[in-house]
Structure formats: structure tokens, C-alpha cells
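Okay, so here's the structure we're looking at.
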Number of protein chains: 2
Amino acid sequence: MAKGRVSGEITQKAIREASIRLIARHGYHGVSLRTLADEIGIQAASLYNHIENKQDLLFVLLRGIMEDLVAEVAQKVAQEQGTLSKLCTFVAAHVEFHARRQPEVFIGTMELRSLLPENRLVLVALRDRHEELLQSLVDAGIRERAFSVPSARVATFAILALLNGVANWYRKNGRHSIPDLQRMYVELTLNLLGTSPAVQELLRSRDFTQPPPAATGVKGSRRSPPAPAP
Amino acid sequence: MAKGRVSGEITQKAIREASIRLIARHGYHGVSLRTLADEIGIQAASLYNHIENKQDLLFVLLRGIMEDLVAEVAQKVAQEQGTLSKLCTFVAAHVEFHARRQPEVFIGTMELRSLLPENRLVLVALRDRHEELLQSLVDAGIRERAFSVPSARVATFAILALLNGVANWYRKNGRHSIPDLQRMYVELTLNLLGTSPAVQELLRSRDFTQPPPAATGVKGSRRSPPAPAP
């Protein structure tokens with residue numbers, strides 16, 4: 001019994017990792033359950049012991065990524081005091097997540113459109129919650145006269161696009177470490193929000209050298225997603 | 001003869017518009033040439049009078065979009081004097097293009113991975129040229145002490161991600177006009193580059209109210225691309 005459960009968990013993990021690899025390369029519509037089973041080395045029929053169907057597989061994958069992002073970032077932000085500290089923590093946690101779990105985030109961006117409408121709504125609600133947290137920090141910073149931007153809403157979209165971009169170019173063995181990225185993106189975001197150099201100097205003294213939490217995503221995936229266009 | 005050519009051009013346009021609509025909705029791998037022919041209302045076999053094959057159709061589509069972007073932006077930038085003016089023009093032209101030709105740009109981002117390697121190389125070379133133009137402006141601004149950023153390369157990636165984000169949320173009949181967007185993104189980019197408020201004030205007086213060039217992209221496509229995740 002115990003052995004059955006362990007073996008089931010191993011298969012679940014193999015399905016997850018193979019799906020991410022295949023969907024990143026061929027897109028959701030370009031991957032059949034047969035290809036997935038071949039990649040893992042099991043019979044196509046056996047897949048149904050582990051997943052409902054292909055759409056459900058995608059949904060569970062994307063929902064898991066988004067739930068992790070929203071929860072991790074919100075938890076870290078809640079531990080901080082003051083708008084500026086919270087904002088910097090949001091940026092650092094979002095960037096760290098996007099670098100550490102890059103292949104999954106990449107699929108999340110690409111395949112949202114492949115979800116059935118009712119599944120997509122769940123993802124959009126999660127994403128909205130994340131966006132609202134950032135927007136509330138931008139709003140607070142504007143009220144406190146720490147930030148100066150033409151529109152809080154557009155600045156929120158702009159910051160998220162900027163930060164999400166990390167997943168498009170970050171390479172695990174590239175020239176920048178994750179703490180490097182966190183430091184640079186905090187500085188760029190504070191710049192973008194029109195904060196004064198003095199405030200930035202203060203916040204640049206933050207420590208981004210603590211090790212990131214243990215990765216729960218796919219490890220060792222060697223394939224980089226295509227670079228963004230244009 | 002003239003009639004044949006005119007009818008051929010109409011079919012080419014119909015193929016182009018239907019491809020963009022269908023690929024945006026279902027992804028490249030999710031669209032068959034039969035579906036495309038049905039959408040236009042011609043026989044599948046007749047498609048081959050107009051296109052080589054499905055891969056070539058995608059390649060011609062994406063290359064055309066990227067060539068237009070690179071040429072339009074470079075031409076406008078070349079007409080300006082001075083790093084700051086050139087940088088602002090780059091931003092304004094890139095944003096205007098991404099809003100005006102949003103459905104095509106969206107496909108360009110999503111389907112780069114669906115190109116055959118030799119076709120993808122062509123697109124990447126075009127994109128690199130665009131990126132290098134921006135990078136050269138950021139480098140020049142740093143040399144002239146007008147910009148202050150942690151890394152010119154990362155700032156270039158960050159700016160492009162920020163600007164590309166426009167295509168994910170802009171709605172033709174939404175609350176912001178294209179000149180509004182241009183003005184806001186110029187301000188956000190100047191902020192991000194750490195320019196002084198005085199410089200920004202000077203540049204904010206630029207006129208973004210001139211009408212954009214005649215659209216060459218798809219008109220009247222009602223379907224919005226899925227919002228970005230996360």
C-alpha cells in the first residue's frame with residue numbers, strides 16, 4: 001500500500017515535469033496525452049489513473065503555479081511594515097518566484113487562453129488578487145507622496161509587465177544571480193514609481209542575499225523558453 | 001487580369017485577417033488549414049494558390065509584423081536629435097505600434113516558438129536589431145549622465161517588457177487613448193531610467209496628439225487576447 005502511494009507520487013511528479021517540458025516546447029494544443037505517456041514511459045491508458053483529462057491537467061498545473069505565487073508574495077508582504085518596505089518585498093518575491101519557477105511561469109503566460117472559460121475565470125481571479133495587492137501598495141505610496149506616477153493603474157500594469165519579463169530572459173547559469181535580479185528590479189521599480197534617490201539609497205541597503213525558499217518547481221529543465229517578441 | 005489580381009489581393013487580406021483571428025484564439029498548432037479555409041469561405045485546396053504551407057503562412061505573418069516595428073521605430077528615432085529625444089521617440093513609437101497592431105503583436109509573442117528554427121533565427125535577428133537600438137540609447141544616456149540604472153542591459157530588457165505589456169491590456173475603446181498611453185509610458189520609462197524631474201518636465205511638453213499613421217494591421221477584430229498571467 002505504502003509502496004503504491006510512493007510510486008503514485010513519483011508518477012504524478014513525472015507527469016507534471018513532462019507536461020511542463022512538452023507544453024513549453026509545443027504548446028498545449030500541440031501535445032497529445034499519447035506523447036505525454038511516451039515521454040514518461042507509461043501506457044497512455046495508465047495516465048487516467050492520475051489525471052482526469054488533458055484540460056484538467058493544464059488547469060491543475062496553472063492553478064497551482066498561480067496559487068503559489070499569490071500566497072508566497074502576500075505572505076512575505078504581510079510580514080513587512082510600511083508601504084515602501086512592502087513594495088520592495090512584493091518586487092523581490094515576485095522576481096524570485098519568476099526566476100526560480102521560470103518554465104512553469106512561462107507556460108502560465110502562454111496557455112491561459114487554452115483553459116476552458118470556467119477554468120480561466122479561476123486563474124483570472126487569482127491574478128486579480130495579486131494585481132490588487134500591488135495596486136494597493138502603489139495607491140498607498142501615492143497618498144503618502146512617496147510615489148509620483150501618471151496613473152496608479154497603468155503603473156501597476158507596467159510594474160507587473162516589467163517583473164514578469166524576468167521569466168523571459170533569466171537563465172539559471174547566466175550572469176546574474178537571483179539576489180542580483182531582486183536588487184536590480186527593486187531599484188528599477190522604485191525608479192519607475194518616481195521615488196527620490198534618498199529613499200532608494202535607504203532601501204538599496206536591504207539584504208537580498210538570503211537563500212530563496214526550497215524550489216517546489218521543476219528542477220533541471222534545460223530547455224529555455226523562446227525569448228519574447230519583439 | 002486586373003480583376004484576377006484584385007480578387008487575389010482580397011483573398012490574401014482575408015487569409016491574413018482570418019489567420020490572426022484564429023491563431024490568437026486557438027494557437028498555431030490548434031488551427032488547421034481546413035479551419036482557415038472554412039473561416040474565409042474558400043476550398044482548402046485553393047489556399048495553396050496563396051500560401052506555401054502553414055509554417056510559411058506563420059513565418060510571413062510574424063516577419064512582416066517585426067519588420068514593420070523595427071523599420072517604423074528606427075525611422076522615427078533617426079529623425080530626432082539628442083539621446084533623450086530619441087529615447088522618448090522610441091518609447092512613443094513602440095507603444096503606438098503595440099496598441100494599434102495589438103492582435104498581431106500578441107501572436108508574435110505567443111508563436112515565436114512555433115516557427116521552424118531557421119525561420120525563428122530571422123525573427124530573433126530582427127528583434128535583436130530593435131533591442132540594440134534601445135540599448136544604444138540607454139548606453140548613450142548613461143555616458144551623458146542623464147540616466148542612472150543598475151545595468152544598461154537589464155534596463156533595456158525591463159523597458160521592452162514594460163512597453164510590450166501595452167499589447168496585453170490595451171483595449172481600443174478603453175479609457176486611454178493612444179496619445180495618453182504614449183505620454184504615460186514615456187514618463188514611466190524616464191522614471192525607470194532615473195532621469196531628473198526637470199528633464200522629465202521638459203520632455204513631457206512633447207506633443208503626442210498627432211494622429212498615428214494609417215493602420216495596416218487588422219481592423220475590427222473584436223476578440224481581445226487573454227490577459228497576461230500572472
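As shown in the C-alpha cells, the chain order sets the letters A, B, ...; within each chain, residues go from 1, and ligands are also counted from 1 in the order they appear.
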Kindly provide, as a CSV table (one decimal) with N, CA, C and O atoms, in the first residue's frame, the residues of chain A having any atom no farther than 7 Å from an atom of chain B, counting only C-alpha atoms.
chain,number,residue,atom,x,y,z
A,29,HIS,N,-2.0,22.7,-27.3
A,29,HIS,CA,-2.7,22.1,-28.4
A,29,HIS,C,-1.8,21.1,-29.2
A,29,HIS,O,-2.2,20.3,-29.9
A,30,GLY,N,-0.5,21.4,-29.1
A,30,GLY,CA,0.5,20.6,-29.8
A,30,GLY,C,0.9,19.3,-29.1
A,30,GLY,O,1.7,18.5,-29.6
A,66,MET,N,-0.2,29.6,-9.9
A,66,MET,CA,-0.7,31.0,-9.5
A,66,MET,C,-1.0,31.0,-8.1
A,66,MET,O,-0.7,32.0,-7.4
A,108,GLY,N,2.3,29.3,-17.9
A,108,GLY,CA,1.2,30.1,-17.3
A,108,GLY,C,0.8,31.2,-18.2
A,108,GLY,O,-0.4,31.5,-18.5
A,109,THR,N,1.8,32.0,-18.7
A,109,THR,CA,1.5,33.1,-19.6
A,109,THR,C,1.0,32.7,-20.9
A,109,THR,O,0.1,33.3,-21.4
A,110,MET,N,1.6,31.7,-21.5
A,110,MET,CA,1.3,31.2,-22.8
A,110,MET,C,-0.1,30.5,-22.9
A,110,MET,O,-0.8,30.6,-23.9
A,112,LEU,N,-2.9,30.4,-20.8
A,112,LEU,CA,-4.1,30.9,-20.1
A,112,LEU,C,-5.2,30.8,-21.1
A,112,LEU,O,-6.4,30.5,-20.8
A,113,ARG,N,-5.0,31.1,-22.4
A,113,ARG,CA,-6.0,31.1,-23.4
A,113,ARG,C,-6.5,29.7,-23.7
A,113,ARG,O,-7.5,29.5,-24.3
A,127,ARG,N,-5.1,36.0,-10.3
A,127,ARG,CA,-4.2,37.0,-10.8
A,127,ARG,C,-4.7,38.4,-10.4
A,127,ARG,O,-3.9,39.2,-10.0
A,150,PRO,N,2.0,58.8,-13.4
A,150,PRO,CA,0.8,59.4,-14.1
A,150,PRO,C,-0.5,58.7,-13.8
A,150,PRO,O,-1.6,59.4,-13.8
A,158,ALA,N,2.3,48.3,-15.6
A,158,ALA,CA,3.7,48.5,-16.1
A,158,ALA,C,4.7,47.7,-15.2
A,158,ALA,O,5.5,47.0,-15.7
A,161,ALA,N,4.3,43.9,-15.8
A,161,ALA,CA,4.9,43.5,-17.1
A,161,ALA,C,6.4,43.5,-17.0
A,161,ALA,O,7.1,42.5,-17.5
A,162,LEU,N,6.9,44.5,-16.4
A,162,LEU,CA,8.4,44.6,-16.2
A,162,LEU,C,8.9,43.4,-15.4
A,162,LEU,O,9.9,42.8,-15.8
A,165,GLY,N,8.7,40.0,-17.1
A,165,GLY,CA,9.7,39.9,-18.2
A,165,GLY,C,10.9,39.1,-17.7
A,165,GLY,O,11.6,38.5,-18.5
A,184,MET,N,18.3,44.6,-8.6
A,184,MET,CA,18.1,45.5,-9.8
A,184,MET,C,16.7,45.8,-10.0
A,184,MET,O,16.3,47.0,-10.3
A,188,LEU,N,14.9,49.4,-10.2
A,188,LEU,CA,14.1,49.9,-11.4
A,188,LEU,C,12.7,50.2,-11.0
A,188,LEU,O,12.1,51.2,-11.5
A,189,THR,N,12.1,49.4,-10.2
A,189,THR,CA,10.7,49.7,-9.8
A,189,THR,C,10.5,51.0,-9.0
A,189,THR,O,9.6,51.8,-9.2
A,191,ASN,N,12.6,53.4,-9.2
A,191,ASN,CA,12.8,54.5,-10.2
A,191,ASN,C,11.4,54.8,-10.9
A,191,ASN,O,11.0,55.9,-11.0
A,192,LEU,N,10.9,53.7,-11.4
A,192,LEU,CA,9.6,53.8,-12.2
A,192,LEU,C,8.5,54.6,-11.4
A,192,LEU,O,7.7,55.3,-11.9
A,193,LEU,N,8.5,54.3,-10.1
A,193,LEU,CA,7.5,54.9,-9.2
A,193,LEU,C,7.9,56.4,-8.8
A,193,LEU,O,7.1,57.0,-8.1
A,194,GLY,N,9.0,56.8,-9.3
A,194,GLY,CA,9.4,58.2,-9.1
A,194,GLY,C,9.8,58.5,-7.7
A,194,GLY,O,9.6,59.6,-7.2
A,226,PRO,N,11.4,30.1,-25.5
A,226,PRO,CA,11.8,31.1,-26.6
A,226,PRO,C,11.8,32.5,-26.0
A,226,PRO,O,11.0,32.8,-25.1
A,228,PRO,N,11.2,36.5,-25.7
A,228,PRO,CA,9.9,37.3,-26.0
A,228,PRO,C,10.1,38.0,-27.3
A,228,PRO,O,11.2,38.4,-27.7
A,229,ALA,N,9.0,38.2,-28.0
A,229,ALA,CA,9.0,39.0,-29.2
A,229,ALA,C,8.0,40.2,-29.0
A,229,ALA,O,7.0,40.1,-28.3
A,230,PRO,N,8.3,41.3,-29.6
A,230,PRO,CA,9.6,41.7,-30.1
A,230,PRO,C,10.3,42.3,-28.9
A,230,PRO,O,9.8,42.7,-27.9
### Summary
Here atom CA of A:Ala92 and atom CA of A:Pro179 stand apart by 8.4 Å
### Residue set, chain A restricted to alpha helix (DSSP H), as a VMD selection string
chain A and resid 2 to 26 33 to 40 54 to 78 83 to 100 102 to 111 117 to 143 152 to 164 166 to 169 178 to 192 197 to 204
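The shell of residues at most 9 Å from B:Ile40, with only C-alpha atoms counted and near chain neighbours (fewer than 3 positions) removed, consists of Thr11, Ala14, Ile15, Ala18, Thr35, Leu36, Ala37 and Gln43 of chain B.
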Include all heavy atoms and write out the residues we just selected as a PDB file, in the first residue's frame.
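Result saved to result18.pdb:
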ATOM      1  N   THR B  11      -8.338  38.056 -51.354  1.00  0.00           N
ATOM      2  CA  THR B  11      -8.182  36.759 -50.690  1.00  0.00           C
ATOM      3  C   THR B  11      -6.980  36.772 -49.758  1.00  0.00           C
ATOM      4  O   THR B  11      -7.051  36.292 -48.623  1.00  0.00           O
ATOM      5  CB  THR B  11      -8.016  35.637 -51.734  1.00  0.00           C
ATOM      6  OG1 THR B  11      -9.054  35.769 -52.696  1.00  0.00           O
ATOM      7  CG2 THR B  11      -8.104  34.270 -51.099  1.00  0.00           C
ATOM      8  N   ALA B  14      -7.946  38.479 -46.700  1.00  0.00           N
ATOM      9  CA  ALA B  14      -8.862  37.647 -45.914  1.00  0.00           C
ATOM     10  C   ALA B  14      -8.084  36.540 -45.201  1.00  0.00           C
ATOM     11  O   ALA B  14      -8.353  36.231 -44.030  1.00  0.00           O
ATOM     12  CB  ALA B  14      -9.930  37.039 -46.824  1.00  0.00           C
ATOM     13  N   ILE B  15      -7.096  35.954 -45.878  1.00  0.00           N
ATOM     14  CA  ILE B  15      -6.278  34.904 -45.257  1.00  0.00           C
ATOM     15  C   ILE B  15      -5.530  35.477 -44.063  1.00  0.00           C
ATOM     16  O   ILE B  15      -5.501  34.898 -42.977  1.00  0.00           O
ATOM     17  CB  ILE B  15      -5.271  34.306 -46.283  1.00  0.00           C
ATOM     18  CG1 ILE B  15      -6.018  33.512 -47.363  1.00  0.00           C
ATOM     19  CG2 ILE B  15      -4.230  33.433 -45.589  1.00  0.00           C
ATOM     20  CD1 ILE B  15      -5.145  33.034 -48.512  1.00  0.00           C
ATOM     21  N   ALA B  18      -8.015  36.311 -41.174  1.00  0.00           N
ATOM     22  CA  ALA B  18      -8.570  35.105 -40.548  1.00  0.00           C
ATOM     23  C   ALA B  18      -7.487  34.351 -39.781  1.00  0.00           C
ATOM     24  O   ALA B  18      -7.743  33.804 -38.702  1.00  0.00           O
ATOM     25  CB  ALA B  18      -9.192  34.203 -41.619  1.00  0.00           C
ATOM     26  N   THR B  35      -9.640  24.560 -41.293  1.00  0.00           N
ATOM     27  CA  THR B  35     -10.387  25.537 -40.478  1.00  0.00           C
ATOM     28  C   THR B  35     -10.239  26.937 -41.070  1.00  0.00           C
ATOM     29  O   THR B  35     -11.200  27.702 -41.156  1.00  0.00           O
ATOM     30  CB  THR B  35      -9.841  25.570 -39.030  1.00  0.00           C
ATOM     31  OG1 THR B  35      -9.622  24.239 -38.591  1.00  0.00           O
ATOM     32  CG2 THR B  35     -10.783  26.287 -38.089  1.00  0.00           C
ATOM     33  N   LEU B  36      -9.007  27.245 -41.478  1.00  0.00           N
ATOM     34  CA  LEU B  36      -8.742  28.564 -42.045  1.00  0.00           C
ATOM     35  C   LEU B  36      -9.556  28.779 -43.321  1.00  0.00           C
ATOM     36  O   LEU B  36     -10.200  29.823 -43.493  1.00  0.00           O
ATOM     37  CB  LEU B  36      -7.233  28.702 -42.324  1.00  0.00           C
ATOM     38  CG  LEU B  36      -6.779  30.020 -42.951  1.00  0.00           C
ATOM     39  CD1 LEU B  36      -7.088  31.201 -42.047  1.00  0.00           C
ATOM     40  CD2 LEU B  36      -5.271  29.982 -43.255  1.00  0.00           C
ATOM     41  N   ALA B  37      -9.545  27.753 -44.197  1.00  0.00           N
ATOM     42  CA  ALA B  37     -10.306  27.855 -45.447  1.00  0.00           C
ATOM     43  C   ALA B  37     -11.800  28.026 -45.157  1.00  0.00           C
ATOM     44  O   ALA B  37     -12.477  28.863 -45.770  1.00  0.00           O
ATOM     45  CB  ALA B  37     -10.057  26.616 -46.308  1.00  0.00           C
ATOM     46  N   GLN B  43     -12.301  26.871 -50.716  1.00  0.00           N
ATOM     47  CA  GLN B  43     -11.880  25.467 -50.631  1.00  0.00           C
ATOM     48  C   GLN B  43     -10.467  25.399 -50.046  1.00  0.00           C
ATOM     49  O   GLN B  43      -9.627  26.263 -50.339  1.00  0.00           O
ATOM     50  CB  GLN B  43     -11.858  24.825 -52.023  1.00  0.00           C
ATOM     51  CG  GLN B  43     -13.209  24.728 -52.688  1.00  0.00           C
ATOM     52  CD  GLN B  43     -14.140  23.751 -51.965  1.00  0.00           C
ATOM     53  OE1 GLN B  43     -13.721  22.662 -51.588  1.00  0.00           O
ATOM     54  NE2 GLN B  43     -15.382  24.168 -51.752  1.00  0.00           N
TER      55      GLN B  43
END
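Comparing the minimum interatomic distances between A:Glu39 and each of A:Glu72, A:Ala146, A:Ile20, A:Ala152, counting only C-alpha atoms, we find that A:Ile20 sits nearest.
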#### Entry: Distance of atom CA of B:Gln79 from atom CA of B:Arg129, expressed in Å to one decimal place
17.7 Å
